[in-house]
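**Student:** I'd like to ask you about the structure that follows.
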Amino acid sequence: MTGFSVTGLGATGLGATGFGTTVLGLRTSLAERETEALELMDDPACDEVLLARTYAQFRVVNALVAGWRTIYRRRIRPLLSADRTTSLLDVGSGGGDVPRALARWAGRDGLRLEVTAVDPDPRAHAFATDPARATPRDGRDRVRFRRATSTELVAAGERFDVVTSNHVLHHLDPPALATLLADSARLARVLVVHDDIARSRFAYAAYGLATSPWSGRSFVHHDGLLSIRRSYRRAELVAAVPPSWRVVPMLPSRLLLLHEPPSSGEGTSGA
Ligand SMILES: C[S@@+](CC[C@H](N)C(=O)[O-])C[C@H]1O[C@@H](n2cnc3c(N)ncnc32)[C@H](O)[C@@H]1O
């Protein structure tokens, strides 16, 4: 079977064969998840300037491909109210752009949403809370950033109406995935939405091409491609999670992992 190819890119061209996808000269099989290689930004000794640029560029990537505007409109906004506060926790918030966007959209809609964002990585926390990076309407002041893991919040007995994550699932080995799912199911009163990449040749080729100008200037090109190789196909994610979780595909090349805890009658926070 021959997939698709983009020609005219010379020696650093991009194309796909039945056995693998070639992005910028590297032939890669996407038949199975790549679970061994580590992302450059996960190296604690990585270059700080490149890392900061990577967080900043992932904001652009997330805005273009992660689909949070759609998730907000279809799944989160219907739960919100102008009179009653709803609490939302974003787990593994990295540079913090997704929770800030959610807080901003709710604010614009006149809805009361209290957003907490947690990540144990000190570098992510420092980037997300750096006042020098604040812009007037980026939603930063509406989000409480904390250096913590989901497990620490469970241990502290914390609860939130909605729990979200972006690009965290593919990052985790099976025990860490099981922990995240158990934690998020315990932390959420109403809804959990984990949003991640669906591994596909289209995603790999399109992302490789679109981010090639950033290659060498940040980790976005390398780590994004590795993230796609690490990410799940729908059937793989269904097989990896307990039956109470639903896997819903979303364009472009996304998987939503959804959980609605059985109604406890608690409703949303009501603060
Ligand atoms: C690939 S980054 C995603 C960052 C951000 N959500 C984004 O989309 O740009 C994954 C992050 O999840 C964090 N993480 C992994 N497991 C976690 C957990 N159980 N609780 C909190 N953060 C976690 C890691 O520290 C890492 O910063």
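Labels for the structure tokens follow display order: chains A, B, ..., residues from 1 in each chain, ligands from 1.
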Where in range 123-244 of chain A does DSSP assign strand (DSSP E), given as an mmCIF file with N, CA and C atoms, in the first residue's frame?

**Tutor:**
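Result file part.cif:
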```
data_model
loop_
_atom_site.group_PDB
_atom_site.id
_atom_site.type_symbol
_atom_site.label_atom_id
_atom_site.label_comp_id
_atom_site.auth_asym_id
_atom_site.auth_seq_id
_atom_site.Cartn_x
_atom_site.Cartn_y
_atom_site.Cartn_z
ATOM 1 N N VAL A 143 -5.714 31.863 36.660
ATOM 2 C CA VAL A 143 -5.321 30.463 36.879
ATOM 3 C C VAL A 143 -4.390 30.384 38.083
ATOM 4 N N ARG A 144 -4.647 29.418 38.947
ATOM 5 C CA ARG A 144 -3.740 29.178 40.073
ATOM 6 C C ARG A 144 -2.803 28.048 39.670
ATOM 7 N N PHE A 145 -1.519 28.366 39.468
ATOM 8 C CA PHE A 145 -0.532 27.353 39.097
ATOM 9 C C PHE A 145 0.113 26.798 40.359
ATOM 10 N N ARG A 146 0.177 25.468 40.439
ATOM 11 C CA ARG A 146 0.797 24.821 41.608
ATOM 12 C C ARG A 146 1.761 23.752 41.148
ATOM 13 N N PHE A 160 -12.431 18.570 42.283
ATOM 14 C CA PHE A 160 -12.708 19.608 41.293
ATOM 15 C C PHE A 160 -13.910 19.132 40.479
ATOM 16 N N ASP A 161 -14.649 20.063 39.907
ATOM 17 C CA ASP A 161 -15.783 19.630 39.094
ATOM 18 C C ASP A 161 -15.292 18.958 37.812
ATOM 19 N N VAL A 162 -14.332 19.606 37.153
ATOM 20 C CA VAL A 162 -13.833 19.106 35.868
ATOM 21 C C VAL A 162 -12.320 18.918 35.984
ATOM 22 N N VAL A 163 -11.823 17.817 35.413
ATOM 23 C CA VAL A 163 -10.369 17.584 35.349
ATOM 24 C C VAL A 163 -9.993 17.428 33.880
ATOM 25 N N THR A 164 -8.937 18.122 33.474
ATOM 26 C CA THR A 164 -8.491 18.048 32.081
ATOM 27 C C THR A 164 -6.993 17.725 32.027
ATOM 28 N N SER A 165 -6.546 17.274 30.859
ATOM 29 C CA SER A 165 -5.107 17.249 30.581
ATOM 30 C C SER A 165 -4.920 17.331 29.074
ATOM 31 N N ASN A 166 -3.754 17.801 28.689
ATOM 32 C CA ASN A 166 -3.401 17.888 27.271
ATOM 33 C C ASN A 166 -2.018 17.288 27.063
ATOM 34 N N ALA A 188 -12.300 14.238 40.089
ATOM 35 C CA ALA A 188 -13.380 14.910 39.342
ATOM 36 C C ALA A 188 -14.755 14.569 39.899
ATOM 37 N N ARG A 189 -15.581 15.598 40.069
ATOM 38 C CA ARG A 189 -16.971 15.339 40.463
ATOM 39 C C ARG A 189 -17.853 15.062 39.247
ATOM 40 N N VAL A 190 -17.546 15.741 38.113
ATOM 41 C CA VAL A 190 -18.504 15.716 37.006
ATOM 42 C C VAL A 190 -17.917 15.142 35.717
ATOM 43 N N LEU A 191 -16.701 15.564 35.358
ATOM 44 C CA LEU A 191 -16.178 15.193 34.037
ATOM 45 C C LEU A 191 -14.657 15.198 34.039
ATOM 46 N N VAL A 192 -14.077 14.187 33.361
ATOM 47 C CA VAL A 192 -12.637 14.189 33.068
ATOM 48 C C VAL A 192 -12.472 14.185 31.549
ATOM 49 N N VAL A 193 -11.609 15.064 31.046
ATOM 50 C CA VAL A 193 -11.281 15.082 29.613
ATOM 51 C C VAL A 193 -9.768 15.062 29.461
ATOM 52 N N HIS A 194 -9.208 13.930 29.039
ATOM 53 C CA HIS A 194 -7.796 13.867 28.681
ATOM 54 C C HIS A 194 -7.728 13.940 27.149
ATOM 55 N N ASP A 195 -7.001 14.933 26.658
ATOM 56 C CA ASP A 195 -6.922 15.177 25.214
ATOM 57 C C ASP A 195 -5.501 14.832 24.757
ATOM 58 N N ASP A 196 -5.408 14.007 23.712
ATOM 59 C CA ASP A 196 -4.062 13.656 23.239
ATOM 60 C C ASP A 196 -4.077 13.408 21.730
ATOM 61 N N ILE A 197 -2.895 13.172 21.215
ATOM 62 C CA ILE A 197 -2.703 12.929 19.777
ATOM 63 C C ILE A 197 -3.165 11.513 19.441
#
```

**Student:** Using only C-alpha atoms and all ligand atoms, determine which residues fall within 6 Å of ligand 1, then list them as a ChimeraX atom specification.

**Tutor:** /A:58,91-95,118-121,149-150,165-168,180

**Student:** Could you save the residues just selected, with C-alpha atoms, as an mmCIF file, in the first residue's frame?

**Tutor:**
```cif
data_model
loop_
_atom_site.group_PDB
_atom_site.id
_atom_site.type_symbol
_atom_site.label_atom_id
_atom_site.label_comp_id
_atom_site.auth_asym_id
_atom_site.auth_seq_id
_atom_site.Cartn_x
_atom_site.Cartn_y
_atom_site.Cartn_z
ATOM 1 C CA PHE A 58 3.829 24.559 22.158
ATOM 2 C CA VAL A 91 -3.120 18.099 35.214
ATOM 3 C CA GLY A 92 0.383 18.259 33.695
ATOM 4 C CA SER A 93 -0.104 21.866 32.606
ATOM 5 C CA GLY A 94 3.442 22.434 31.242
ATOM 6 C CA GLY A 95 3.717 26.022 29.960
ATOM 7 C CA VAL A 118 -0.627 21.514 38.366
ATOM 8 C CA ASP A 119 2.704 20.232 37.150
ATOM 9 C CA PRO A 120 5.490 18.852 39.346
ATOM 10 C CA ASP A 121 8.227 19.956 36.908
ATOM 11 C CA THR A 149 1.214 15.833 41.039
ATOM 12 C CA SER A 150 -2.331 14.555 40.681
ATOM 13 C CA SER A 165 -5.107 17.249 30.581
ATOM 14 C CA ASN A 166 -3.401 17.888 27.271
ATOM 15 C CA HIS A 167 -0.637 15.718 25.803
ATOM 16 C CA VAL A 168 -0.036 13.850 29.049
ATOM 17 C CA LEU A 180 -3.244 9.289 36.355
#
```

**Student:** If DSSP is run on the backbone, what residues of range 7-193 of chain A are alpha helix (DSSP H)? A reply as a short mmCIF file (atom, residue, chain, number, x, y, z; two decimals) with C-alpha atoms, in the first residue's frame would be ideal.

**Tutor:**
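Here's the written file part.cif:
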```cif
data_model
loop_
_atom_site.label_atom_id
_atom_site.label_comp_id
_atom_site.auth_asym_id
_atom_site.auth_seq_id
_atom_site.Cartn_x
_atom_site.Cartn_y
_atom_site.Cartn_z
CA GLU A 48 17.10 26.39 29.26
CA VAL A 49 16.76 28.84 26.39
CA LEU A 50 15.63 26.12 24.01
CA LEU A 51 13.28 24.79 26.69
CA ALA A 52 11.61 28.19 27.25
CA ARG A 53 11.22 28.58 23.48
CA THR A 54 9.70 25.10 23.38
CA TYR A 55 7.03 25.93 25.99
CA ALA A 56 6.25 29.14 24.08
CA GLN A 57 5.99 27.34 20.73
CA PHE A 58 3.83 24.56 22.16
CA ARG A 59 1.30 27.29 22.95
CA VAL A 60 1.02 27.90 19.20
CA VAL A 61 0.90 24.17 18.39
CA ASN A 62 -1.77 23.56 21.04
CA ALA A 63 -3.88 26.45 19.76
CA LEU A 64 -3.70 25.10 16.21
CA VAL A 65 -4.18 21.35 16.70
CA TRP A 68 -9.56 22.92 23.17
CA ARG A 69 -11.86 25.60 21.80
CA THR A 70 -14.16 22.83 20.53
CA ILE A 71 -13.84 20.88 23.79
CA ASP A 97 -1.46 27.82 27.85
CA VAL A 98 -4.42 25.39 27.86
CA PRO A 99 -5.71 26.22 31.37
CA ARG A 100 -5.20 29.93 30.66
CA ALA A 101 -7.22 29.66 27.45
CA LEU A 102 -10.06 27.86 29.26
CA ALA A 103 -10.13 30.54 31.97
CA ARG A 104 -10.10 33.31 29.36
CA TRP A 105 -12.94 31.82 27.31
CA ALA A 106 -15.14 31.33 30.37
CA GLY A 107 -14.40 34.90 31.50
CA ARG A 108 -15.37 36.25 28.09
CA PRO A 122 9.90 23.05 38.42
CA ARG A 123 10.88 24.32 34.97
CA ALA A 124 7.30 24.18 33.72
CA HIS A 125 6.05 25.88 36.87
CA ALA A 126 8.67 28.65 36.54
CA PHE A 127 7.73 29.25 32.91
CA ALA A 128 3.98 29.27 33.56
CA THR A 129 4.27 31.73 36.43
CA SER A 150 -2.33 14.56 40.68
CA THR A 151 -1.50 11.95 43.36
CA GLU A 152 -0.60 14.67 45.86
CA LEU A 153 -3.98 16.33 45.30
CA VAL A 154 -5.75 13.02 45.87
CA ALA A 155 -3.78 12.51 49.09
CA PRO A 174 1.47 1.81 31.93
CA PRO A 175 1.73 2.17 35.75
CA ALA A 176 1.86 5.98 35.51
CA LEU A 177 -1.12 5.96 33.12
CA ALA A 178 -3.12 3.81 35.55
CA THR A 179 -2.23 6.22 38.36
CA LEU A 180 -3.24 9.29 36.35
CA LEU A 181 -6.59 7.73 35.44
CA ALA A 182 -7.31 6.62 39.00
CA ASP A 183 -6.29 10.05 40.31
CA SER A 184 -8.35 12.00 37.79
CA ALA A 185 -11.43 9.82 38.36
CA ARG A 186 -11.15 10.48 42.11
CA LEU A 187 -10.46 14.19 41.72
#
```

**Student:** I'd like the contact shell of Val241 in chain A - 10 Å cut-off, only C-alpha atoms, skipping same-chain residues fewer than 2 positions apart - returned as an NGL selection string.

**Tutor:** :A and (174 or 177-178 or 181 or 236-239 or 243-247 or 257)

**Student:** So, counting only C-alpha atoms, which residue among A:Met250, A:Ala203, A:Arg147, A:Ser263 is closest to Ser231 in chain A?

**Tutor:**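 For Ser231 in chain A, the nearest of the given residues is A:Ala203.
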
**Student:** Using only C-alpha atoms, find the one residue out of A:Val115, A:Ala205, A:Ser87, A:Arg142 that sits nearest to Arg159 in chain A.

**Tutor:**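 Smallest separation from Arg159 in chain A among the options: A:Ser87.
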
**Student:** For CA of Gly216 in chain A and CA of Arg230 in chain A, determine how far apart the two atoms are, in Å to one decimal place.

**Tutor:**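 CA of Gly216 in chain A sits 20.7 Å away from CA of Arg230 in chain A.
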
**Student:** Quick one: distance from CA of Tyr232 in chain A to CA of Asp47 in chain A in Å, one decimal?

**Tutor:** 28.7 Å

**Student:** Please measure the separation of CA of Leu258 in chain A and CA of Gly96 in chain A, giving the value in Å to one decimal.

**Tutor:** 21.1 Å
